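Trainee: Dropping in work_18.txt, with compact mmCIF, C-alpha atoms.
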# COMPACT_ATOMS: atom_id res chain seq x y z
CA MET A 1 0.00 0.00 0.00
CA GLU A 2 3.05 2.25 -0.09
CA SER A 3 2.11 3.80 -3.45
CA ILE A 4 -1.35 4.84 -2.23
CA ALA A 5 0.12 6.39 0.95
CA LYS A 6 2.53 8.35 -1.26
CA LEU A 7 -0.31 9.54 -3.51
CA ILE A 8 -2.35 10.68 -0.49
CA LYS A 9 0.66 12.67 0.73
CA GLU A 10 1.19 14.28 -2.69
CA LEU A 11 -2.51 15.19 -2.97
CA THR A 12 -2.60 16.89 0.45
CA ARG A 13 -0.05 19.38 -0.90
CA LEU A 14 -2.72 20.82 -3.20
CA PRO A 15 -4.65 23.84 -1.89
CA GLY A 16 -7.94 23.01 -0.16
CA ILE A 17 -7.24 19.26 -0.17
CA GLY A 18 -7.09 17.85 3.36
CA GLU A 19 -6.21 14.30 4.35
CA LYS A 20 -9.79 13.01 4.06
CA THR A 21 -10.34 14.40 0.57
CA ALA A 22 -6.90 13.20 -0.50
CA THR A 23 -7.69 9.70 0.78
CA ARG A 24 -11.03 9.66 -1.05
CA LEU A 25 -9.42 10.85 -4.30
CA ALA A 26 -6.48 8.42 -4.03
CA TYR A 27 -8.78 5.42 -3.55
CA TYR A 28 -10.99 6.63 -6.38
CA ILE A 29 -7.94 6.79 -8.64
CA ALA A 30 -6.67 3.42 -7.38
CA ARG A 31 -9.85 1.47 -8.01
CA GLY A 32 -10.76 3.22 -11.27
CA HIS A 33 -9.64 2.42 -14.79
CA LYS A 34 -5.88 2.36 -15.22
CA ASP A 35 -6.18 4.44 -18.43
CA LYS A 36 -8.04 7.23 -16.66
CA ALA A 37 -5.37 7.45 -13.96
CA LEU A 38 -2.56 7.44 -16.52
CA GLY A 39 -4.41 10.18 -18.45
CA LEU A 40 -4.52 12.37 -15.33
CA SER A 41 -0.89 11.58 -14.56
CA SER A 42 0.30 12.64 -18.00
CA ALA A 43 -1.92 15.75 -18.04
CA ILE A 44 -0.15 16.89 -14.85
CA SER A 45 3.35 16.18 -16.16
CA ASP A 46 2.48 17.89 -19.48
CA VAL A 47 1.44 21.04 -17.65
CA ALA A 48 4.67 20.98 -15.63
CA ARG A 49 6.84 20.39 -18.69
CA LYS A 50 5.17 22.59 -21.30
CA LEU A 51 3.89 25.68 -19.50
CA LYS A 52 6.07 28.72 -18.95
CA PHE A 53 5.49 32.42 -18.32
CA CYS A 54 4.82 34.89 -21.14
CA PRO A 55 7.78 37.36 -20.94
CA ASP A 56 5.41 40.32 -21.45
CA CYS A 57 2.32 39.73 -19.34
CA LEU A 58 3.57 36.82 -17.17
CA ASN A 59 0.49 34.74 -18.02
CA LEU A 60 1.03 31.00 -18.49
CA THR A 61 1.71 29.87 -22.06
CA GLU A 62 3.03 26.95 -24.09
CA GLU A 63 4.45 29.27 -26.78
CA SER A 64 7.21 31.87 -26.49
CA TYR A 65 4.55 34.60 -26.02
CA CYS A 66 1.00 34.04 -24.77
CA ARG A 67 -1.95 33.84 -27.15
CA ILE A 68 -3.28 37.22 -26.00
CA CYS A 69 0.00 39.17 -26.33
CA ASN A 70 0.52 37.51 -29.73
CA ASP A 71 -2.90 38.53 -31.04
CA PRO A 72 -2.63 41.61 -33.36
CA GLN A 73 -6.37 42.26 -32.80
CA ARG A 74 -5.91 43.02 -29.11
CA ASN A 75 -5.66 46.63 -27.96
CA LYS A 76 -2.11 46.88 -26.55
CA SER A 77 -2.76 50.29 -24.97
CA ILE A 78 -5.04 48.94 -22.22
CA ILE A 79 -3.55 46.63 -19.60
CA CYS A 80 -5.76 44.78 -17.15
CA VAL A 81 -3.80 43.96 -13.98
CA VAL A 82 -4.80 40.72 -12.20
CA GLU A 83 -3.49 38.75 -9.24
CA GLU A 84 -3.37 35.28 -10.78
CA ALA A 85 -3.28 33.61 -14.21
CA GLN A 86 -6.71 32.05 -13.65
CA ASP A 87 -8.17 35.57 -13.37
CA VAL A 88 -7.16 36.09 -17.02
CA LEU A 89 -9.18 33.00 -17.95
CA ALA A 90 -12.20 34.28 -15.98
CA ILE A 91 -12.10 37.72 -17.64
CA GLU A 92 -11.54 36.20 -21.11
CA LYS A 93 -14.68 34.10 -20.60
CA THR A 94 -16.77 37.28 -20.22
CA GLY A 95 -15.77 38.40 -23.74
CA SER A 96 -15.93 42.04 -22.57
CA PHE A 97 -12.25 42.94 -22.62
CA ASN A 98 -10.12 43.38 -25.71
CA GLY A 99 -6.93 44.73 -24.16
CA ILE A 100 -3.96 42.81 -22.76
CA TYR A 101 -3.08 41.65 -19.25
CA HIS A 102 -0.47 41.78 -16.55
CA VAL A 103 -0.34 38.95 -14.00
CA LEU A 104 1.07 40.01 -10.62
CA HIS A 105 1.36 36.42 -9.32
CA GLY A 106 0.09 37.35 -5.90
CA SER A 107 -1.11 40.26 -3.83
CA ILE A 108 0.40 42.29 -1.02
CA SER A 109 -0.39 40.57 2.25
CA PRO A 110 2.22 41.09 4.97
CA LEU A 111 0.53 38.52 7.22
CA ASP A 112 1.16 35.86 4.57
CA GLY A 113 4.71 37.10 4.07
CA MET A 114 3.89 38.79 0.74
CA GLY A 115 5.46 42.24 0.48
CA PRO A 116 5.42 44.66 -2.49
CA ASP A 117 8.59 43.03 -3.86
CA ASP A 118 6.98 39.60 -3.94
CA ILE A 119 4.52 40.56 -6.66
CA LYS A 120 5.41 41.32 -10.28
CA ALA A 121 4.87 45.09 -9.97
CA ALA A 122 8.33 46.18 -11.17
CA GLU A 123 7.72 44.21 -14.38
CA LEU A 124 4.49 46.18 -14.89
CA ILE A 125 6.24 49.53 -14.47
CA ASP A 126 8.90 48.36 -16.96
CA ARG A 127 6.13 47.73 -19.47
CA LEU A 128 4.70 51.22 -18.88
CA LYS A 129 8.14 52.68 -19.64
CA LYS A 130 8.75 50.64 -22.77
CA THR A 131 5.34 50.62 -24.45
CA SER A 132 2.68 53.29 -24.95
CA VAL A 133 -0.06 52.31 -22.51
CA LYS A 134 -3.09 54.59 -22.10
CA GLU A 135 -5.06 52.85 -19.36
CA LEU A 136 -4.42 50.46 -16.49
CA ILE A 137 -7.51 48.57 -15.29
CA ILE A 138 -6.77 47.20 -11.85
CA ALA A 139 -8.71 43.95 -11.40
CA THR A 140 -7.32 42.66 -8.13
CA ASN A 141 -9.76 40.97 -5.73
CA PRO A 142 -12.06 42.99 -3.43
CA THR A 143 -10.17 41.71 -0.38
CA THR A 144 -7.88 43.49 2.06
CA SER A 145 -4.80 42.31 0.19
CA GLY A 146 -6.35 42.93 -3.24
CA GLU A 147 -7.29 46.50 -2.25
CA ALA A 148 -3.82 47.15 -0.81
CA THR A 149 -2.29 45.86 -4.04
CA ALA A 150 -4.60 48.06 -6.13
CA LEU A 151 -3.54 51.16 -4.19
CA TYR A 152 0.13 50.23 -4.39
CA ILE A 153 -0.02 49.67 -8.17
CA ALA A 154 -1.98 52.89 -8.66
CA LYS A 155 0.64 54.92 -6.78
CA LEU A 156 3.49 53.32 -8.74
CA ALA A 157 1.78 53.97 -12.07
CA LYS A 158 0.60 57.53 -11.35
CA PRO A 159 3.83 59.31 -12.48
CA HIS A 160 3.36 57.78 -15.93
CA GLY A 161 0.34 60.03 -16.53
CA ILE A 162 -2.03 57.32 -17.72
CA ALA A 163 -5.63 56.57 -16.79
CA ILE A 164 -5.81 54.19 -13.81
CA THR A 165 -9.18 52.54 -13.23
CA ARG A 166 -10.60 49.89 -10.90
CA ILE A 167 -13.22 47.31 -11.89
CA ALA A 168 -16.66 47.88 -10.31
CA PHE A 169 -17.80 46.05 -7.20
CA GLY A 170 -21.41 45.73 -6.05
CA ILE A 171 -24.39 43.42 -5.93
CA PRO A 172 -23.82 40.47 -8.28
CA PHE A 173 -26.40 39.82 -10.99
CA GLY A 174 -29.09 37.51 -9.66
CA GLY A 175 -28.09 38.57 -6.15
CA ASP A 176 -30.60 39.59 -3.51
CA ILE A 177 -30.13 42.90 -1.68
CA GLU A 178 -31.60 41.38 1.48
CA TYR A 179 -28.91 38.71 1.65
CA VAL A 180 -25.89 40.53 0.27
CA ASP A 181 -23.15 41.20 2.85
CA LYS A 182 -22.98 44.72 4.26
CA SER A 183 -19.54 45.56 2.78
CA THR A 184 -20.76 44.79 -0.73
CA LEU A 185 -24.03 46.64 -0.19
CA GLY A 186 -22.23 49.63 1.31
CA ARG A 187 -19.83 49.77 -1.60
CA SER A 188 -22.63 49.42 -4.13
CA ILE A 189 -24.36 52.47 -2.58
CA ALA A 190 -21.16 54.51 -2.36
CA THR A 191 -20.26 53.81 -6.00
CA ARG A 192 -23.80 54.28 -7.37
CA SER A 193 -24.10 55.70 -10.88
CA ASN A 194 -26.61 57.94 -12.68
CA LEU A 195 -29.52 56.22 -14.36
CA ASN A 196 -29.71 57.89 -17.75
CA VAL A 197 -33.45 57.93 -18.42
CA MET B 1 -2.79 26.74 -22.99
CA GLU B 2 -4.01 23.41 -24.39
CA SER B 3 -2.25 21.38 -21.72
CA ILE B 4 -3.91 23.30 -18.87
CA ALA B 5 -7.35 22.88 -20.46
CA LYS B 6 -6.69 19.15 -20.71
CA LEU B 7 -5.63 18.96 -17.05
CA ILE B 8 -8.76 20.84 -15.95
CA LYS B 9 -10.87 18.32 -17.89
CA GLU B 10 -9.05 15.35 -16.35
CA LEU B 11 -9.41 16.79 -12.83
CA THR B 12 -13.18 17.33 -13.17
CA ARG B 13 -13.52 13.54 -13.59
CA LEU B 14 -12.53 13.10 -9.95
CA PRO B 15 -15.38 12.85 -7.43
CA GLY B 16 -16.37 16.15 -5.80
CA ILE B 17 -14.15 18.21 -8.12
CA GLY B 18 -16.18 20.71 -10.16
CA GLU B 19 -14.86 22.99 -12.88
CA LYS B 20 -13.95 25.82 -10.47
CA THR B 21 -11.96 23.58 -8.13
CA ALA B 22 -10.31 21.85 -11.10
CA THR B 23 -9.30 25.22 -12.53
CA ARG B 24 -7.87 26.35 -9.19
CA LEU B 25 -5.91 23.09 -8.79
CA ALA B 26 -4.64 23.10 -12.39
CA TYR B 27 -3.31 26.65 -12.10
CA TYR B 28 -1.77 25.83 -8.74
CA ILE B 29 0.03 22.88 -10.33
CA ALA B 30 1.01 24.96 -13.38
CA ARG B 31 2.60 27.83 -11.50
CA GLY B 32 4.21 25.67 -8.79
CA HIS B 33 7.55 23.90 -8.81
CA LYS B 34 7.99 21.52 -11.71
CA ASP B 35 9.35 18.81 -9.38
CA LYS B 36 6.25 18.90 -7.19
CA ALA B 37 3.97 18.46 -10.21
CA LEU B 38 6.09 15.61 -11.58
CA GLY B 39 6.01 13.99 -8.11
CA LEU B 40 2.22 14.07 -8.11
CA SER B 41 2.12 12.80 -11.69
CA SER B 42 4.30 9.80 -10.92
CA ALA B 43 2.46 9.03 -7.66
CA ILE B 44 -0.75 8.74 -9.70
CA SER B 45 0.78 6.54 -12.38
CA ASP B 46 2.44 4.35 -9.70
CA VAL B 47 -0.92 3.75 -8.05
CA ALA B 48 -2.46 2.84 -11.40
CA ARG B 49 0.38 0.50 -12.33
CA LYS B 50 1.20 -1.19 -9.01
CA LEU B 51 -2.10 -1.63 -7.17
CA LYS B 52 -4.28 -4.68 -7.72
CA PHE B 53 -6.98 -6.48 -5.75
CA CYS B 54 -6.16 -9.06 -3.06
CA PRO B 55 -7.70 -12.31 -4.37
CA ASP B 56 -9.08 -13.16 -0.90
CA CYS B 57 -10.52 -9.96 0.57
CA LEU B 58 -10.54 -7.74 -2.57
CA ASN B 59 -8.70 -4.97 -0.75
CA LEU B 60 -6.12 -3.01 -2.76
CA THR B 61 -2.56 -4.32 -2.55
CA GLU B 62 0.83 -4.12 -4.24
CA GLU B 63 1.67 -7.74 -3.33
CA SER B 64 -0.03 -10.96 -4.47
CA TYR B 65 -2.07 -10.97 -1.22
CA CYS B 66 -2.82 -7.96 0.95
CA ARG B 67 -0.85 -7.20 4.11
CA ILE B 68 -3.78 -8.13 6.35
CA CYS B 69 -4.59 -11.48 4.70
CA ASN B 70 -0.87 -12.29 4.72
CA ASP B 71 -0.48 -11.58 8.44
CA PRO B 72 -0.42 -14.84 10.49
CA GLN B 73 -1.32 -12.83 13.63
CA ARG B 74 -4.74 -11.87 12.27
CA ASN B 75 -7.79 -13.90 13.33
CA LYS B 76 -8.99 -15.47 10.09
CA SER B 77 -12.29 -16.62 11.62
CA ILE B 78 -13.76 -13.09 11.85
CA ILE B 79 -14.49 -11.22 8.62
CA CYS B 80 -15.43 -7.55 8.67
CA VAL B 81 -17.48 -6.69 5.56
CA VAL B 82 -17.02 -3.13 4.23
CA GLU B 83 -18.23 -1.20 1.20
CA GLU B 84 -14.94 0.31 0.03
CA ALA B 85 -11.19 -0.22 0.43
CA GLN B 86 -10.81 3.09 2.27
CA ASP B 87 -13.14 1.73 4.99
CA VAL B 88 -10.46 -0.91 5.72
CA LEU B 89 -7.94 1.89 6.26
CA ALA B 90 -10.35 3.73 8.59
CA ILE B 91 -11.02 0.61 10.70
CA GLU B 92 -7.32 -0.32 10.79
CA LYS B 93 -6.55 3.14 12.17
CA THR B 94 -8.78 2.43 15.21
CA GLY B 95 -6.58 -0.53 16.17
CA SER B 96 -9.67 -2.30 17.58
CA PHE B 97 -10.08 -5.09 15.04
CA ASN B 98 -7.78 -8.07 14.62
CA GLY B 99 -9.78 -10.10 12.10
CA ILE B 100 -9.71 -9.92 8.31
CA TYR B 101 -11.84 -8.02 5.79
CA HIS B 102 -14.05 -8.39 2.77
CA VAL B 103 -14.44 -5.40 0.46
CA LEU B 104 -17.77 -5.37 -1.42
CA HIS B 105 -16.70 -2.55 -3.78
CA GLY B 106 -20.04 -0.81 -3.55
CA SER B 107 -23.47 -1.08 -1.96
CA ILE B 108 -26.89 -2.00 -3.26
CA SER B 109 -28.53 1.14 -4.58
CA PRO B 110 -31.01 0.55 -7.42
CA LEU B 111 -31.35 4.30 -8.07
CA ASP B 112 -27.62 4.43 -8.85
CA GLY B 113 -27.87 1.29 -10.98
CA MET B 114 -26.18 -0.89 -8.34
CA GLY B 115 -27.96 -4.21 -7.91
CA PRO B 116 -27.00 -7.17 -5.69
CA ASP B 117 -24.88 -8.62 -8.52
CA ASP B 118 -22.81 -5.44 -8.78
CA ILE B 119 -21.21 -5.89 -5.36
CA LYS B 120 -18.71 -8.61 -4.45
CA ALA B 121 -21.19 -10.64 -2.37
CA ALA B 122 -20.80 -13.94 -4.23
CA GLU B 123 -17.06 -13.79 -3.50
CA LEU B 124 -17.86 -13.44 0.22
CA ILE B 125 -20.14 -16.47 0.22
CA ASP B 126 -17.39 -18.44 -1.57
CA ARG B 127 -15.03 -17.57 1.28
CA LEU B 128 -17.60 -18.75 3.84
CA LYS B 129 -17.77 -22.11 2.01
CA LYS B 130 -14.02 -22.57 1.69
CA THR B 131 -12.73 -21.32 5.05
CA SER B 132 -13.96 -21.76 8.60
CA VAL B 133 -15.42 -18.38 9.51
CA LYS B 134 -17.15 -17.91 12.87
CA GLU B 135 -18.39 -14.35 12.65
CA LEU B 136 -19.28 -11.80 10.00
CA ILE B 137 -19.20 -8.17 11.19
CA ILE B 138 -21.17 -6.09 8.72
CA ALA B 139 -19.65 -2.61 8.62
CA THR B 140 -21.51 -1.02 5.70
CA ASN B 141 -22.52 2.64 6.08
CA PRO B 142 -25.62 3.73 8.03
CA THR B 143 -27.30 4.89 4.80
CA THR B 144 -30.28 3.49 2.89
CA SER B 145 -27.98 1.61 0.52
CA GLY B 146 -25.62 0.50 3.30
CA GLU B 147 -28.53 -0.84 5.35
CA ALA B 148 -30.01 -2.65 2.33
CA THR B 149 -26.60 -4.18 1.65
CA ALA B 150 -26.25 -5.26 5.30
CA LEU B 151 -29.63 -7.04 5.19
CA TYR B 152 -28.83 -8.68 1.86
CA ILE B 153 -25.46 -9.98 3.07
CA ALA B 154 -27.00 -11.18 6.34
CA LYS B 155 -29.65 -13.17 4.48
CA LEU B 156 -27.07 -14.71 2.13
CA ALA B 157 -24.78 -15.68 5.02
CA LYS B 158 -27.49 -17.00 7.36
CA PRO B 159 -27.58 -20.60 6.00
CA HIS B 160 -23.90 -20.91 6.90
CA GLY B 161 -24.79 -20.93 10.60
CA ILE B 162 -22.27 -18.30 11.69
CA ALA B 163 -22.64 -15.24 13.92
CA ILE B 164 -23.67 -12.19 11.91
CA THR B 165 -23.22 -8.84 13.64
CA ARG B 166 -23.60 -5.17 12.73
CA ILE B 167 -21.33 -2.40 14.01
CA ALA B 168 -23.03 -0.02 16.49
CA PHE B 169 -24.52 3.31 15.45
CA GLY B 170 -25.33 6.15 17.82
CA ILE B 171 -24.17 9.49 19.12
CA PRO B 172 -20.53 10.03 18.14
CA PHE B 173 -18.00 10.70 20.90
CA GLY B 174 -17.80 14.41 21.54
CA GLY B 175 -21.23 14.79 19.95
CA ASP B 176 -24.02 16.81 21.51
CA ILE B 177 -27.44 15.19 22.02
CA GLU B 178 -29.14 18.53 21.35
CA TYR B 179 -27.63 18.82 17.88
CA VAL B 180 -27.51 15.19 16.75
CA ASP B 181 -29.95 14.35 13.92
CA LYS B 182 -33.13 12.55 14.92
CA SER B 183 -32.36 9.28 13.06
CA THR B 184 -29.09 8.89 14.95
CA LEU B 185 -30.69 9.84 18.26
CA GLY B 186 -33.64 7.47 17.66
CA ARG B 187 -31.28 4.63 16.81
CA SER B 188 -29.11 5.34 19.84
CA ILE B 189 -32.19 5.04 22.08
CA ALA B 190 -33.49 1.90 20.38
CA THR B 191 -30.11 0.16 20.63
CA ARG B 192 -29.37 1.29 24.21
CA SER B 193 -27.36 -1.12 26.37
CA ASN B 194 -27.28 -1.94 30.07
CA LEU B 195 -24.99 0.10 32.26
CA ASN B 196 -23.23 -2.47 34.40
CA VAL B 197 -22.77 -0.65 37.70
Re-express the file's structure as structure tokens.
Mentor:
Amino acid sequence: MESIAKLIKELTRLPGIGEKTATRLAYYIARGHKDKALGLSSAISDVARKLKFCPDCLNLTEESYCRICNDPQRNKSIICVVEEAQDVLAIEKTGSFNGIYHVLHGSISPLDGMGPDDIKAAELIDRLKKTSVKELIIATNPTTSGEATALYIAKLAKPHGIAITRIAFGIPFGGDIEYVDKSTLGRSIATRSNLNV
Amino acid sequence: MESIAKLIKELTRLPGIGEKTATRLAYYIARGHKDKALGLSSAISDVARKLKFCPDCLNLTEESYCRICNDPQRNKSIICVVEEAQDVLAIEKTGSFNGIYHVLHGSISPLDGMGPDDIKAAELIDRLKKTSVKELIIATNPTTSGEATALYIAKLAKPHGIAITRIAFGIPFGGDIEYVDKSTLGRSIATRSNLNV
């Protein structure tokens, strides 16, 4: 049973996977079809072997530059700044952004040992110096660390004389005002906009 | 990004892993250390290649017979019947059972397409015929399908004239009577035992 104990240990290293979930997954893999397990195994090693960081936006890519930076149709003068590579995927799915990205690979959170130098902010400022960017949309999370990061990036970028914007936060579509948390509701009132009727 | 899309798809095949969790895990693997990802990948393929079923108890093993069936110290006249291989691990961790096991690899649940022939019950009855078993402890789950399986196994084993027992169900240690669900509380009252003072 050594191999299953080893798999359980490896699985518990993943975020949000405790020993019980790891055990359940490991046994599921062990008693399932061999081909399915080998498919998962090779998908993981492929990701580890093939993916690298785009030298411009620091998104994950299999090519020398990422698909978005490579696309001549994208508006290179608007950069959307996100915390993680999966945020790029989420925003791309909306289909409402045609600019390019910058992945910070983290947010400023001193309690988690993440200082301003631990995120890819210097790389962003380098891009502002080298290319003609008109707007920076800061799309970090509406959390303490995401807000701190947004402010930090905004201050760094300010001397470059470009527009610096923040994505909107408020009641989600399909949400219910009665049940929305008070921070969200408060923010949605404070950032209310004119109804053009 | 094809390799990450493939990994997300493979991960969503695991039980309890939806698309959001799969995406989070895949990106975690992708941006982490290559060695860690390759370690996980080989742990999965090892499990798929090395593990097989013990021909006696149907538990998972890397040897020709499982560690428990192979152990001369174990009492071969008591068989504990469980639904899944991970239940063996859970019972072994208690240290309170010195017999051997039988893994049914499922429970009877017609709604999930699991009939009596889909569990390894015939294999259990074969063991009762071939070896001298004195007691069968039925340790299936306290669910509708686990209870149905327990009754089915008990009826099959009855003609063999051996003791057939069921593990006890009731308030868990550290539990609070006020908050325990009514089925558990009802069962704990119905199966009360004498306090020998």
Trainee: Suppose you want the space between CA of Lys52 in chain B and CA of Ile4 in chain A; what is it in Å?
Mentor: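 Between CA of Lys52 in chain B and CA of Ile4 in chain A the gap is 11.4 Å.
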Trainee: Which residue gives the smallest distance to Glu83 in chain A among A:Thr140, A:Ser132, A:Ser64, A:Ser193, with only C-alpha atoms counted?
Mentor: A:Thr140
Trainee: Work out how far apart CA of Thr21 in chain B and CA of Ile44 in chain A are and give it in Å to one decimal.
Mentor: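 Between CA of Thr21 in chain B and CA of Ile44 in chain A the gap works out to 15.1 Å.
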Trainee: Which residues of chain B sit at most 8 Å from chain A, using all atoms listed in the file? Give each one's shortest atom pair and distance in Å (one decimal place), in chain and ascending residue order, as JSON lines.
Mentor:
{"residue": "B:Met1", "atom": "CA", "partner": "A:Thr61", "partner_atom": "CA", "distance": 5.6}
{"residue": "B:Glu2", "atom": "CA", "partner": "A:Glu62", "partner_atom": "CA", "distance": 7.9}
{"residue": "B:Ser3", "atom": "CA", "partner": "A:Val47", "partner_atom": "CA", "distance": 5.5}
{"residue": "B:Ile4", "atom": "CA", "partner": "A:Val47", "partner_atom": "CA", "distance": 5.9}
{"residue": "B:Lys6", "atom": "CA", "partner": "A:Ala43", "partner_atom": "CA", "distance": 6.4}
{"residue": "B:Leu7", "atom": "CA", "partner": "A:Ala43", "partner_atom": "CA", "distance": 5.0}
{"residue": "B:Glu10", "atom": "CA", "partner": "A:Leu40", "partner_atom": "CA", "distance": 5.5}
{"residue": "B:Leu11", "atom": "CA", "partner": "A:Leu40", "partner_atom": "CA", "distance": 7.0}
{"residue": "B:Leu14", "atom": "CA", "partner": "A:Leu25", "partner_atom": "CA", "distance": 6.8}
{"residue": "B:Pro15", "atom": "CA", "partner": "A:Leu25", "partner_atom": "CA", "distance": 7.0}
{"residue": "B:Thr23", "atom": "CA", "partner": "A:Gln86", "partner_atom": "CA", "distance": 7.4}
{"residue": "B:Arg24", "atom": "CA", "partner": "A:Gln86", "partner_atom": "CA", "distance": 7.3}
{"residue": "B:Leu25", "atom": "CA", "partner": "A:Leu14", "partner_atom": "CA", "distance": 6.8}
{"residue": "B:Tyr27", "atom": "CA", "partner": "A:Gln86", "partner_atom": "CA", "distance": 6.6}
{"residue": "B:Tyr28", "atom": "CA", "partner": "A:Leu14", "partner_atom": "CA", "distance": 7.5}
{"residue": "B:Ile29", "atom": "CA", "partner": "A:Ala48", "partner_atom": "CA", "distance": 7.3}
{"residue": "B:Ala30", "atom": "CA", "partner": "A:Val47", "partner_atom": "CA", "distance": 5.8}
{"residue": "B:Arg31", "atom": "CA", "partner": "A:Leu60", "partner_atom": "CA", "distance": 7.8}
{"residue": "B:His33", "atom": "CA", "partner": "A:Ala48", "partner_atom": "CA", "distance": 8.0}
{"residue": "B:Lys34", "atom": "CA", "partner": "A:Ala48", "partner_atom": "CA", "distance": 5.2}
{"residue": "B:Ala37", "atom": "CA", "partner": "A:Ala48", "partner_atom": "CA", "distance": 6.0}
{"residue": "B:Leu38", "atom": "CA", "partner": "A:Ser45", "partner_atom": "CA", "distance": 5.4}
{"residue": "B:Gly39", "atom": "CA", "partner": "A:Glu10", "partner_atom": "CA", "distance": 7.3}
{"residue": "B:Leu40", "atom": "CA", "partner": "A:Glu10", "partner_atom": "CA", "distance": 5.5}
{"residue": "B:Ser41", "atom": "CA", "partner": "A:Ser41", "partner_atom": "CA", "distance": 4.3}
{"residue": "B:Ser42", "atom": "CA", "partner": "A:Ser41", "partner_atom": "CA", "distance": 6.6}
{"residue": "B:Ala43", "atom": "CA", "partner": "A:Leu7", "partner_atom": "CA", "distance": 5.0}
{"residue": "B:Ile44", "atom": "CA", "partner": "A:Ser41", "partner_atom": "CA", "distance": 5.6}
{"residue": "B:Ser45", "atom": "CA", "partner": "A:Leu38", "partner_atom": "CA", "distance": 5.4}
{"residue": "B:Asp46", "atom": "CA", "partner": "A:Ser3", "partner_atom": "CA", "distance": 6.3}
{"residue": "B:Val47", "atom": "CA", "partner": "A:Ser3", "partner_atom": "CA", "distance": 5.5}
{"residue": "B:Ala48", "atom": "CA", "partner": "A:Lys34", "partner_atom": "CA", "distance": 5.1}
{"residue": "B:Arg49", "atom": "CA", "partner": "A:Lys34", "partner_atom": "CA", "distance": 7.1}
{"residue": "B:Lys50", "atom": "CA", "partner": "A:Ser3", "partner_atom": "CA", "distance": 7.5}
{"residue": "B:Leu51", "atom": "CA", "partner": "A:Ala30", "partner_atom": "CA", "distance": 6.8}
{"residue": "B:Leu60", "atom": "CA", "partner": "A:Met1", "partner_atom": "CA", "distance": 7.4}
{"residue": "B:Thr61", "atom": "CA", "partner": "A:Met1", "partner_atom": "CA", "distance": 5.6}
{"residue": "B:Glu62", "atom": "CA", "partner": "A:Met1", "partner_atom": "CA", "distance": 6.0}
{"residue": "B:Ala85", "atom": "CA", "partner": "A:Tyr27", "partner_atom": "CA", "distance": 7.3}
{"residue": "B:Gln86", "atom": "CA", "partner": "A:Tyr27", "partner_atom": "CA", "distance": 6.6}
Trainee: Quick one: distance from CA of Arg192 in chain A to CA of Phe169 in chain A in Å, one decimal?
Mentor: 10.2 Å
Trainee: I'd like the contact shell of Pro142 in chain A - 10 Å cut-off, all atoms listed in the file, skipping same-chain residues fewer than 6 positions apart - returned as a PyMOL selection string.
Mentor: chain A and resi 148+150+167-169+184
Trainee: I need every residue sitting at most 6 Å from the point (-20.4, -10.6, 9.9) (coordinates as in the file, all atoms listed in the file considered), written as a list in words.
Mentor: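 Collected hits near the coordinates: Cys80, Glu135, Leu136, Ile137, Ile138, Ile164 and Thr165 of chain B.
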Trainee: Leaving out Ala157 in chain B and any residue of its chain fewer than 5 positions from it, which residues lie within 12 Å of it when counting all atoms listed in the file, given as a list in words?
Mentor: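 After dropping sequence-adjacent residues, the list is Ile79, Val81, Ala121, Ala122, Glu123, Leu124, Ile125, Asp126, Arg127, Leu128, Lys129, Val133, Lys134, Glu135, Leu136, Ile137, Ile138, Ala150, Leu151, Tyr152, Ile162, Ala163, Ile164 and Thr165 of chain B.
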Trainee: Write to file, as a compact mmCIF listing (two decimals), in the coordinates of the input, the residues of the selection just made, with C-alpha atoms.
Mentor:
# COMPACT_ATOMS: atom_id res chain seq x y z
CA ILE B 79 -14.49 -11.22 8.62
CA VAL B 81 -17.48 -6.69 5.56
CA ALA B 121 -21.19 -10.64 -2.37
CA ALA B 122 -20.80 -13.94 -4.23
CA GLU B 123 -17.06 -13.79 -3.50
CA LEU B 124 -17.86 -13.44 0.22
CA ILE B 125 -20.14 -16.47 0.22
CA ASP B 126 -17.39 -18.44 -1.57
CA ARG B 127 -15.03 -17.57 1.28
CA LEU B 128 -17.60 -18.75 3.84
CA LYS B 129 -17.77 -22.11 2.01
CA VAL B 133 -15.42 -18.38 9.51
CA LYS B 134 -17.15 -17.91 12.87
CA GLU B 135 -18.39 -14.35 12.65
CA LEU B 136 -19.28 -11.80 10.00
CA ILE B 137 -19.20 -8.17 11.19
CA ILE B 138 -21.17 -6.09 8.72
CA ALA B 150 -26.25 -5.26 5.30
CA LEU B 151 -29.63 -7.04 5.19
CA TYR B 152 -28.83 -8.68 1.86
CA ILE B 162 -22.27 -18.30 11.69
CA ALA B 163 -22.64 -15.24 13.92
CA ILE B 164 -23.67 -12.19 11.91
CA THR B 165 -23.22 -8.84 13.64
